[in-house]
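The structure under discussion appears below in the form of structure tokens.
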Amino acid sequence: MTGHHHDGAPAVEALAVPAGPASLDLLPLLAEALAGDRPVMPHAASGPVPPVPDHDPASLPEALAVVVGTSGSTGSPKRAMLTAPALRASARATHATLGGPGQWLLAIPAHHIAGLQVLVRSLDAGTPPLAMDLTDGFRPQAFVAATERLAPGARRYTSLVPTQVVRLLDHPGGADALRTFDAVLVGGAAMPPRLRARAERARVHLVATYGMSETAGGCVYDGRALPRTEVELDEEARILLGGPTIAHGYLGLPDLTRETFGTDEDGIRWFRTDDVGHVDDDGTVHVDGRVDDLIITGGLKVAPRLVEEAILEHVPGIREAVVVGSPDHEWGAVVSALVVLAPDAVHDVTAADLRAHLRGILPDHALPRRALTSPAIPTRGPGKPDRRAVEAMFTVG
């Protein structure tokens, strides 16, 4: 599938990415892509080969390296065009923030931006990455075993999603393995405050990352923008991200590219996210949730993430929570919570229980009016809760 367009620009090539150690076989190809000679579009080797979207060859940016799918919550995946300089800028800003290059352990699929960046950072720093076996999905024991194979004496890093951290902290050798890392990047979904507290007690250094395919991965670490990344909020509190790691748009979607990306008078590229947030007086960035996840109940806005964090912090016996709006004749929508009980929970949790624990902590309009318990949260992509599936659970019947 290699080849060039008639104008001489290299054609984008679909790249099958296997899970686990076999993904390291792609490092030479990725190095070519980072040289700007051979743009690739990674996809899971276990799935079908996605077609490269129709596009005008002239729309491809110079030094295009990777076209990576976004795990957006709606419709067909958009494919962000990342140049070699954008990927390198991200890798270098990450290492500068974490305290210098080190050896990375790949524990997530490498066709998503977070896993791909583990390989890019390794290539950029000239350190050989290690990959754990993911054939049967993520197994804490396999992570512990892989950790023992990392080079002694070198700085060590890995990138995980919150559920993986929970499972490692629950595993007998998991906390010991995590403690050997100079930093454990955690992204893909919001990090519950309770998880951070638990990790701190175990002396595990978690770094909450915020970013997406369009920003070449995480660009805000623990609420602080990486070097050369800029964060602004528009009048609706929507988060705008700017800097050298921003993608050059979506392959084959020129209209959406114009709506979502732009360059200001100083030459800085900007991306308009689908997230709303706020910034503390000390400059810490907080992501309150997606614009389209906001619940409007009785004319008032509720950010689900703030309710989820309050539930996990203040209601005993709950391990995970996802909050959505469900239709209601009187209020338009009501705040509805799907919870996973902790192993030691003695009984189901009702909406009345949640309201009793959260009254005075959340404003009255944000208190859940419906609740369901489930053995697990439905997910999509790398560890993200599937909010549409959760909404459907509340609209049945």
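Letters A, B, ... mark the chains of the structure tokens in the order given; residue numbers begin at 1 per chain; ligand numbers begin at 1, in order shown.
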
Extract, using only C-alpha atoms, all DNA, RNA and protein residues at most 12 Å from A:Ala63, discarding same-chain residues fewer than 3 positions from it, and format them as an mmCIF file with all heavy atoms, in the first residue's frame.
```
data_model
loop_
_atom_site.group_PDB
_atom_site.id
_atom_site.type_symbol
_atom_site.label_atom_id
_atom_site.label_comp_id
_atom_site.auth_asym_id
_atom_site.auth_seq_id
_atom_site.Cartn_x
_atom_site.Cartn_y
_atom_site.Cartn_z
ATOM 1 N N ALA A 9 3.856 14.059 -3.022
ATOM 2 C CA ALA A 9 3.701 13.884 -1.573
ATOM 3 C C ALA A 9 3.495 12.402 -1.279
ATOM 4 O O ALA A 9 2.788 11.717 -2.004
ATOM 5 C CB ALA A 9 2.504 14.682 -1.074
ATOM 6 N N PRO A 10 4.133 11.877 -0.208
ATOM 7 C CA PRO A 10 3.955 10.453 0.084
ATOM 8 C C PRO A 10 2.488 10.165 0.425
ATOM 9 O O PRO A 10 1.850 10.958 1.100
ATOM 10 C CB PRO A 10 4.857 10.205 1.293
ATOM 11 C CG PRO A 10 5.546 11.479 1.603
ATOM 12 C CD PRO A 10 4.989 12.566 0.749
ATOM 13 N N ALA A 11 1.973 9.037 -0.060
ATOM 14 C CA ALA A 11 0.591 8.662 0.234
ATOM 15 C C ALA A 11 0.494 8.121 1.663
ATOM 16 O O ALA A 11 1.425 7.513 2.172
ATOM 17 C CB ALA A 11 0.133 7.599 -0.758
ATOM 18 N N VAL A 12 -0.657 8.358 2.290
ATOM 19 C CA VAL A 12 -0.891 7.845 3.639
ATOM 20 C C VAL A 12 -1.157 6.342 3.558
ATOM 21 O O VAL A 12 -1.923 5.873 2.724
ATOM 22 C CB VAL A 12 -2.096 8.557 4.292
ATOM 23 C CG1 VAL A 12 -2.386 7.961 5.666
ATOM 24 C CG2 VAL A 12 -1.838 10.060 4.388
ATOM 25 N N GLU A 32 10.672 5.962 10.281
ATOM 26 C CA GLU A 32 10.545 6.545 8.931
ATOM 27 C C GLU A 32 9.463 7.616 8.900
ATOM 28 O O GLU A 32 9.622 8.670 8.290
ATOM 29 C CB GLU A 32 10.181 5.442 7.919
ATOM 30 C CG GLU A 32 11.343 4.687 7.341
ATOM 31 C CD GLU A 32 10.860 3.725 6.254
ATOM 32 O OE1 GLU A 32 10.296 4.191 5.246
ATOM 33 O OE2 GLU A 32 11.047 2.506 6.425
ATOM 34 N N ALA A 33 8.339 7.309 9.559
ATOM 35 C CA ALA A 33 7.238 8.279 9.613
ATOM 36 C C ALA A 33 7.695 9.562 10.307
ATOM 37 O O ALA A 33 7.381 10.677 9.877
ATOM 38 C CB ALA A 33 6.034 7.672 10.336
ATOM 39 N N LEU A 34 8.489 9.408 11.383
ATOM 40 C CA LEU A 34 8.974 10.577 12.133
ATOM 41 C C LEU A 34 10.005 11.367 11.344
ATOM 42 O O LEU A 34 10.281 12.520 11.652
ATOM 43 C CB LEU A 34 9.573 10.136 13.473
ATOM 44 C CG LEU A 34 8.569 9.905 14.609
ATOM 45 C CD1 LEU A 34 9.288 9.400 15.843
ATOM 46 C CD2 LEU A 34 7.814 11.186 14.936
ATOM 47 N N ALA A 35 10.581 10.732 10.347
ATOM 48 C CA ALA A 35 11.508 11.467 9.473
ATOM 49 C C ALA A 35 10.712 12.257 8.428
ATOM 50 O O ALA A 35 11.282 13.011 7.637
ATOM 51 C CB ALA A 35 12.464 10.494 8.801
ATOM 52 N N GLY A 36 9.397 12.060 8.421
ATOM 53 C CA GLY A 36 8.541 12.795 7.492
ATOM 54 C C GLY A 36 8.477 12.179 6.111
ATOM 55 O O GLY A 36 8.007 12.802 5.163
ATOM 56 N N ASP A 37 8.949 10.914 5.993
ATOM 57 C CA ASP A 37 9.049 10.293 4.668
ATOM 58 C C ASP A 37 7.902 9.347 4.329
ATOM 59 O O ASP A 37 7.723 8.962 3.186
ATOM 60 C CB ASP A 37 10.350 9.472 4.571
ATOM 61 C CG ASP A 37 11.574 10.345 4.707
ATOM 62 O OD1 ASP A 37 11.455 11.553 4.426
ATOM 63 O OD2 ASP A 37 12.618 9.828 5.126
ATOM 64 N N ARG A 38 7.152 8.927 5.359
ATOM 65 C CA ARG A 38 6.220 7.833 5.110
ATOM 66 C C ARG A 38 5.048 7.901 6.088
ATOM 67 O O ARG A 38 5.039 7.190 7.088
ATOM 68 C CB ARG A 38 6.978 6.525 5.278
ATOM 69 C CG ARG A 38 6.203 5.328 4.807
ATOM 70 C CD ARG A 38 7.095 4.106 4.862
ATOM 71 N NE ARG A 38 6.394 2.921 4.422
ATOM 72 C CZ ARG A 38 6.929 1.722 4.389
ATOM 73 N NH1 ARG A 38 8.168 1.550 4.779
ATOM 74 N NH2 ARG A 38 6.229 0.689 3.976
ATOM 75 N N PRO A 39 4.052 8.766 5.840
ATOM 76 C CA PRO A 39 2.953 8.913 6.800
ATOM 77 C C PRO A 39 2.136 7.636 6.944
ATOM 78 O O PRO A 39 1.853 6.951 5.953
ATOM 79 C CB PRO A 39 2.098 10.047 6.220
ATOM 80 C CG PRO A 39 2.505 10.166 4.792
ATOM 81 C CD PRO A 39 3.893 9.650 4.668
ATOM 82 N N VAL A 40 1.793 7.292 8.192
ATOM 83 C CA VAL A 40 1.049 6.060 8.452
ATOM 84 C C VAL A 40 -0.257 6.370 9.192
ATOM 85 O O VAL A 40 -0.363 7.373 9.901
ATOM 86 C CB VAL A 40 1.882 5.051 9.282
ATOM 87 C CG1 VAL A 40 3.068 4.549 8.473
ATOM 88 C CG2 VAL A 40 2.345 5.654 10.602
ATOM 89 N N LEU A 60 -2.447 17.785 2.519
ATOM 90 C CA LEU A 60 -1.569 17.141 3.504
ATOM 91 C C LEU A 60 -0.479 18.121 3.939
ATOM 92 O O LEU A 60 0.184 18.731 3.103
ATOM 93 C CB LEU A 60 -0.929 15.881 2.921
ATOM 94 C CG LEU A 60 -1.875 14.765 2.487
ATOM 95 C CD1 LEU A 60 -1.075 13.561 1.996
ATOM 96 C CD2 LEU A 60 -2.807 14.355 3.615
ATOM 97 N N VAL A 66 1.839 10.912 11.109
ATOM 98 C CA VAL A 66 0.839 9.958 11.571
ATOM 99 C C VAL A 66 -0.554 10.545 11.410
ATOM 100 O O VAL A 66 -0.769 11.726 11.684
ATOM 101 C CB VAL A 66 1.090 9.615 13.066
ATOM 102 C CG1 VAL A 66 -0.060 8.809 13.630
ATOM 103 C CG2 VAL A 66 2.387 8.834 13.226
ATOM 104 N N VAL A 67 -1.478 9.713 10.942
ATOM 105 C CA VAL A 67 -2.897 10.088 10.905
ATOM 106 C C VAL A 67 -3.576 9.167 11.903
ATOM 107 O O VAL A 67 -3.638 7.955 11.686
ATOM 108 C CB VAL A 67 -3.478 9.903 9.488
ATOM 109 C CG1 VAL A 67 -4.954 10.223 9.478
ATOM 110 C CG2 VAL A 67 -2.727 10.772 8.485
ATOM 111 N N MET A 81 -4.352 14.709 11.665
ATOM 112 C CA MET A 81 -3.062 14.688 10.945
ATOM 113 C C MET A 81 -1.979 15.304 11.829
ATOM 114 O O MET A 81 -2.004 16.505 12.102
ATOM 115 C CB MET A 81 -3.181 15.475 9.638
ATOM 116 C CG MET A 81 -4.180 14.888 8.660
ATOM 117 S SD MET A 81 -4.127 15.732 7.039
ATOM 118 C CE MET A 81 -5.098 17.209 7.396
ATOM 119 N N LEU A 82 -1.043 14.474 12.273
ATOM 120 C CA LEU A 82 0.041 14.944 13.146
ATOM 121 C C LEU A 82 1.357 14.927 12.386
ATOM 122 O O LEU A 82 1.732 13.914 11.789
ATOM 123 C CB LEU A 82 0.146 14.054 14.387
ATOM 124 C CG LEU A 82 -1.048 14.129 15.348
ATOM 125 C CD1 LEU A 82 -0.987 12.993 16.361
ATOM 126 C CD2 LEU A 82 -1.073 15.478 16.066
ATOM 127 N N THR A 83 2.063 16.052 12.419
ATOM 128 C CA THR A 83 3.366 16.124 11.745
ATOM 129 C C THR A 83 4.461 15.597 12.672
ATOM 130 O O THR A 83 4.277 15.491 13.887
ATOM 131 C CB THR A 83 3.700 17.569 11.363
ATOM 132 O OG1 THR A 83 3.838 18.334 12.572
ATOM 133 C CG2 THR A 83 2.621 18.186 10.470
ATOM 134 N N ALA A 84 5.602 15.283 12.073
ATOM 135 C CA ALA A 84 6.752 14.831 12.861
ATOM 136 C C ALA A 84 7.155 15.898 13.894
ATOM 137 O O ALA A 84 7.387 15.559 15.060
ATOM 138 C CB ALA A 84 7.915 14.497 11.929
ATOM 139 N N PRO A 85 7.218 17.211 13.528
ATOM 140 C CA PRO A 85 7.574 18.209 14.546
ATOM 141 C C PRO A 85 6.575 18.268 15.706
ATOM 142 O O PRO A 85 6.966 18.478 16.855
ATOM 143 C CB PRO A 85 7.589 19.527 13.761
ATOM 144 C CG PRO A 85 7.876 19.128 12.349
ATOM 145 C CD PRO A 85 7.199 17.799 12.164
ATOM 146 N N ALA A 86 5.281 18.048 15.422
ATOM 147 C CA ALA A 86 4.276 18.070 16.499
ATOM 148 C C ALA A 86 4.494 16.912 17.468
ATOM 149 O O ALA A 86 4.456 17.080 18.693
ATOM 150 C CB ALA A 86 2.868 18.011 15.903
ATOM 151 N N LEU A 87 4.746 15.717 16.916
ATOM 152 C CA LEU A 87 4.968 14.545 17.770
ATOM 153 C C LEU A 87 6.247 14.703 18.595
ATOM 154 O O LEU A 87 6.281 14.378 19.781
ATOM 155 C CB LEU A 87 5.044 13.282 16.912
ATOM 156 C CG LEU A 87 3.711 12.837 16.297
ATOM 157 C CD1 LEU A 87 3.947 11.838 15.161
ATOM 158 C CD2 LEU A 87 2.790 12.221 17.356
ATOM 159 N N ARG A 88 7.293 15.226 17.959
ATOM 160 C CA ARG A 88 8.560 15.417 18.688
ATOM 161 C C ARG A 88 8.424 16.488 19.770
ATOM 162 O O ARG A 88 8.960 16.351 20.872
ATOM 163 C CB ARG A 88 9.680 15.797 17.715
ATOM 164 C CG ARG A 88 10.115 14.629 16.840
ATOM 165 C CD ARG A 88 11.379 14.982 16.051
ATOM 166 N NE ARG A 88 11.722 13.924 15.112
ATOM 167 C CZ ARG A 88 12.352 12.803 15.440
ATOM 168 N NH1 ARG A 88 12.699 12.581 16.689
ATOM 169 N NH2 ARG A 88 12.639 11.896 14.515
ATOM 170 N N ALA A 247 -2.565 19.253 15.952
ATOM 171 C CA ALA A 247 -2.678 18.609 14.635
ATOM 172 C C ALA A 247 -2.967 19.640 13.549
ATOM 173 O O ALA A 247 -3.401 20.760 13.835
ATOM 174 C CB ALA A 247 -3.792 17.563 14.669
ATOM 175 N N HIS A 248 -2.749 19.232 12.290
ATOM 176 C CA HIS A 248 -3.026 20.113 11.153
ATOM 177 C C HIS A 248 -4.397 19.823 10.568
ATOM 178 O O HIS A 248 -4.593 19.962 9.360
ATOM 179 C CB HIS A 248 -1.928 19.981 10.094
ATOM 180 C CG HIS A 248 -0.762 20.868 10.391
ATOM 181 N ND1 HIS A 248 -0.490 22.016 9.701
ATOM 182 C CD2 HIS A 248 0.168 20.783 11.366
ATOM 183 C CE1 HIS A 248 0.569 22.601 10.225
ATOM 184 N NE2 HIS A 248 0.996 21.869 11.233
#
```

Mind checking which residues fall within 9 Å of A:Asp386, counting only C-alpha atoms, ignoring those fewer than 6 positions away in the same chain, and posting them as an NGL selection string? :A and (73 or 377-380)

Store the residues picked out above, limited to all heavy atoms, as a PDB file, in the first residue's frame.
```
ATOM      1  N   SER A  73     -16.921  10.454  20.857  1.00  0.00           N
ATOM      2  CA  SER A  73     -18.085   9.684  21.312  1.00  0.00           C
ATOM      3  C   SER A  73     -19.155   9.584  20.240  1.00  0.00           C
ATOM      4  O   SER A  73     -20.142   8.917  20.420  1.00  0.00           O
ATOM      5  CB  SER A  73     -18.665  10.334  22.559  1.00  0.00           C
ATOM      6  OG  SER A  73     -18.988  11.680  22.283  1.00  0.00           O
ATOM      7  N   ILE A 377     -19.008  -0.709  34.462  1.00  0.00           N
ATOM      8  CA  ILE A 377     -19.384   0.447  33.642  1.00  0.00           C
ATOM      9  C   ILE A 377     -19.140   0.087  32.179  1.00  0.00           C
ATOM     10  O   ILE A 377     -18.051  -0.382  31.838  1.00  0.00           O
ATOM     11  CB  ILE A 377     -18.505   1.672  34.008  1.00  0.00           C
ATOM     12  CG1 ILE A 377     -18.692   2.060  35.485  1.00  0.00           C
ATOM     13  CG2 ILE A 377     -18.777   2.850  33.080  1.00  0.00           C
ATOM     14  CD1 ILE A 377     -19.979   2.713  35.858  1.00  0.00           C
ATOM     15  N   PRO A 378     -20.121   0.291  31.288  1.00  0.00           N
ATOM     16  CA  PRO A 378     -19.831   0.057  29.862  1.00  0.00           C
ATOM     17  C   PRO A 378     -18.756   1.040  29.374  1.00  0.00           C
ATOM     18  O   PRO A 378     -18.792   2.215  29.748  1.00  0.00           O
ATOM     19  CB  PRO A 378     -21.169   0.326  29.155  1.00  0.00           C
ATOM     20  CG  PRO A 378     -22.129   0.803  30.184  1.00  0.00           C
ATOM     21  CD  PRO A 378     -21.477   0.796  31.524  1.00  0.00           C
ATOM     22  N   THR A 379     -17.802   0.545  28.602  1.00  0.00           N
ATOM     23  CA  THR A 379     -16.726   1.426  28.124  1.00  0.00           C
ATOM     24  C   THR A 379     -16.608   1.366  26.609  1.00  0.00           C
ATOM     25  O   THR A 379     -17.130   0.465  25.962  1.00  0.00           O
ATOM     26  CB  THR A 379     -15.356   1.027  28.720  1.00  0.00           C
ATOM     27  OG1 THR A 379     -15.102  -0.337  28.405  1.00  0.00           O
ATOM     28  CG2 THR A 379     -15.323   1.219  30.225  1.00  0.00           C
ATOM     29  N   ARG A 380     -15.905   2.358  26.062  1.00  0.00           N
ATOM     30  CA  ARG A 380     -15.579   2.364  24.634  1.00  0.00           C
ATOM     31  C   ARG A 380     -14.188   2.970  24.534  1.00  0.00           C
ATOM     32  O   ARG A 380     -13.774   3.755  25.380  1.00  0.00           O
ATOM     33  CB  ARG A 380     -16.581   3.212  23.827  1.00  0.00           C
ATOM     34  CG  ARG A 380     -16.650   4.608  24.334  1.00  0.00           C
ATOM     35  CD  ARG A 380     -17.412   5.563  23.454  1.00  0.00           C
ATOM     36  NE  ARG A 380     -17.249   6.879  24.054  1.00  0.00           N
ATOM     37  CZ  ARG A 380     -16.177   7.623  23.914  1.00  0.00           C
ATOM     38  NH1 ARG A 380     -15.172   7.216  23.173  1.00  0.00           N
ATOM     39  NH2 ARG A 380     -16.068   8.786  24.523  1.00  0.00           N
TER      40      ARG A 380
END
```

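Across A:Met132, A:Ala237, A:Ala151, A:Val315, the tightest approach to A:Val291 is made by A:Ala237 when counting only C-alpha atoms.
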
Which one is closest to A:Gly277: A:Glu232, A:Pro254, A:Gly262, A:His329? Count only C-alpha atoms.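 Ranking A:Glu232, A:Pro254, A:Gly262, A:His329 by distance to A:Gly277, first place goes to A:Glu232.
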
Go through A:Val231, A:Ala225, A:Ile295, A:Val335 one by one, measure the shortest atom-to-atom distance of each to A:Ile268 using only C-alpha atoms, and give the residue with the smallest value.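 Between A:Val231, A:Ala225, A:Ile295, A:Val335, the residue approaching A:Ile268 most closely is A:Val231.
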
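Atom pair atom CA of A:Ser374 / atom CA of A:Leu338 has a distance of 6.9 Å (rounded to one decimal).
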
DSSP says strand (DSSP E) for which residues of stretch 234-303 of chain A? Put them as a ChimeraX atom specification? /A:238-242,261-263,269-279,285-290,295-297,300-302

Using only C-alpha atoms, which of the listed residues (A:Gly325, A:Pro193, A:Pro42, A:Pro304) sits closest to A:Thr70? A:Pro42

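Distances from A:Leu64, A:Ala93, A:Leu306, A:Ala190 to A:Pro244 were compared using only C-alpha atoms, and the smallest one belongs to A:Ala93.
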
Quick one: which stretch 56-113 of chain A residues come within 9 Å of stretch 172-184 of chain A, and what is the nearest atom pair for each with the distance in Å to one decimal, counting only C-alpha atoms, rows ordered by chain and ascending number, as CSV?
```
residue,atom,partner,partner_atom,distance
A:Leu98,CA,A:Ala183,CA,7.0
A:Gly99,CA,A:Asp182,CA,8.7
A:Gly102,CA,A:Asp182,CA,8.9
```

For the selection just defined, write its residues with all heavy atoms to a file, as a compact mmCIF listing (two decimals), in the first residue's frame.
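Saved the output as out_6.txt:
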```
# COMPACT_ATOMS: atom_id res chain seq x y z
N LEU A 98 8.71 15.60 33.08
CA LEU A 98 8.84 14.45 33.99
C LEU A 98 10.24 14.32 34.60
O LEU A 98 10.44 13.50 35.49
CB LEU A 98 8.49 13.16 33.24
CG LEU A 98 7.05 13.03 32.73
CD1 LEU A 98 6.85 11.69 32.04
CD2 LEU A 98 6.04 13.20 33.87
N GLY A 99 11.21 15.09 34.10
CA GLY A 99 12.54 15.02 34.69
C GLY A 99 13.59 14.36 33.82
O GLY A 99 14.65 13.98 34.30
N GLY A 102 13.64 8.48 29.70
CA GLY A 102 13.79 7.23 30.44
C GLY A 102 13.29 6.09 29.59
O GLY A 102 12.98 6.26 28.41
```

Which residues are near A:Asp274? Cut-off 8 Å, only C-alpha atoms, ignore same chain within fewer than 4 positions. Put them as a PyMOL selection string. chain A and resi 238-239+290-292

What is the distance, in Å and to one decimal place, between atom CA of A:Ala80 and atom CA of A:Ala110? 15.5 Å
